[in-house]
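To start, the structure itself, in structure tokens.
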Amino acid sequence: MITEEIRQKISHAIEQVRPYLQNDGGDIELIEITDDLVVKVQLQGACGTCPYSLMTLKNGVEQAVRKEVPQIKEVVSV
């Protein structure tokens with residue numbers, strides 16, 4: 001079960017990486033946190049079409065989220 005504390009920590013982690021994405025003309029939106037702890041996000045703007053978006057997602061967003069909530073399985077783009 002996803003607690004409000006986990007949801008807030010994930011949102012906080014995403015807010016920490018958002019300025020870096022916005023500097024490159026992109027953005028990110030939290031779509032869903034599944035019961036099995038998969039975080040679904042949508043990369044927007046330049047980040048949605050960038051060939052490096054998977055690297056950004058895994059090396060930037062996922063690492064930031066896992067730092068806040070280590071039990072997260074993965075971060076995926078939807």
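Going by the structure tokens order, chains are called A, B, ..., each with residues numbered from 1, while ligands are numbered from 1 in the order shown.
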
Can you pull out the residues contacting Gln22 of chain A? Cut-off 10 Å, using only C-alpha atoms, and skip same-chain residues under 4 positions away; I want them as a ChimeraX atom specification.
/A:17-18,26-28,44-47

Strand (DSSP E or B) positions in segment 17-63 of chain A, given as a count of residues only:
16

A:Glu62, A:Glu68, A:Glu74, A:Glu4: which is nearest Asp36 of chain A, counting only C-alpha atoms?
A:Glu74

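Nearest residue to Gln63 of chain A among A:Ile14, A:Ile31, A:Ile6, A:Val78 is A:Ile14, counting only C-alpha atoms.
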
As an MDAnalysis selection string, please: the residues near Val75 of chain A (cut-off 8 Å, only C-alpha atoms, same-chain neighbours under 3 positions excluded).
chainID A and resid 38:41 57:58 61:62 72

Restrict the selected residues to N, CA and C atoms and save them as a PDB file, in the first residue's frame.
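Result went into again18.pdb, see below:
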ATOM      1  N   VAL A  38       5.965   0.776  -8.484  1.00  0.00           N
ATOM      2  CA  VAL A  38       6.497   1.276  -9.741  1.00  0.00           C
ATOM      3  C   VAL A  38       5.964   2.701  -9.912  1.00  0.00           C
ATOM      4  N   VAL A  39       6.865   3.626 -10.135  1.00  0.00           N
ATOM      5  CA  VAL A  39       6.485   5.031 -10.300  1.00  0.00           C
ATOM      6  C   VAL A  39       6.348   5.304 -11.798  1.00  0.00           C
ATOM      7  N   LYS A  40       5.171   5.764 -12.199  1.00  0.00           N
ATOM      8  CA  LYS A  40       4.917   6.091 -13.601  1.00  0.00           C
ATOM      9  C   LYS A  40       4.913   7.606 -13.749  1.00  0.00           C
ATOM     10  N   VAL A  41       5.750   8.077 -14.679  1.00  0.00           N
ATOM     11  CA  VAL A  41       5.852   9.511 -14.936  1.00  0.00           C
ATOM     12  C   VAL A  41       5.689   9.766 -16.428  1.00  0.00           C
ATOM     13  N   LEU A  57      15.738   9.434 -17.445  1.00  0.00           N
ATOM     14  CA  LEU A  57      14.767   8.786 -16.581  1.00  0.00           C
ATOM     15  C   LEU A  57      15.454   7.861 -15.583  1.00  0.00           C
ATOM     16  N   LYS A  58      16.354   7.015 -16.053  1.00  0.00           N
ATOM     17  CA  LYS A  58      16.993   6.021 -15.194  1.00  0.00           C
ATOM     18  C   LYS A  58      18.100   6.610 -14.329  1.00  0.00           C
ATOM     19  N   VAL A  61      16.060  10.730 -12.735  1.00  0.00           N
ATOM     20  CA  VAL A  61      14.793  10.662 -12.004  1.00  0.00           C
ATOM     21  C   VAL A  61      14.754   9.434 -11.089  1.00  0.00           C
ATOM     22  N   GLU A  62      15.054   8.266 -11.640  1.00  0.00           N
ATOM     23  CA  GLU A  62      14.953   7.046 -10.830  1.00  0.00           C
ATOM     24  C   GLU A  62      15.927   7.075  -9.655  1.00  0.00           C
ATOM     25  N   ILE A  72      11.331   1.595  -3.892  1.00  0.00           N
ATOM     26  CA  ILE A  72      10.744   1.728  -5.229  1.00  0.00           C
ATOM     27  C   ILE A  72      11.440   0.756  -6.164  1.00  0.00           C
TER      28      ILE A  72
END

Exercise: Lys67 of chain A partners within 10 Å, only C-alpha atoms, chain neighbours under 6 positions left out, as a VMD selection string:
chain A and resid 9 to 10 13 61
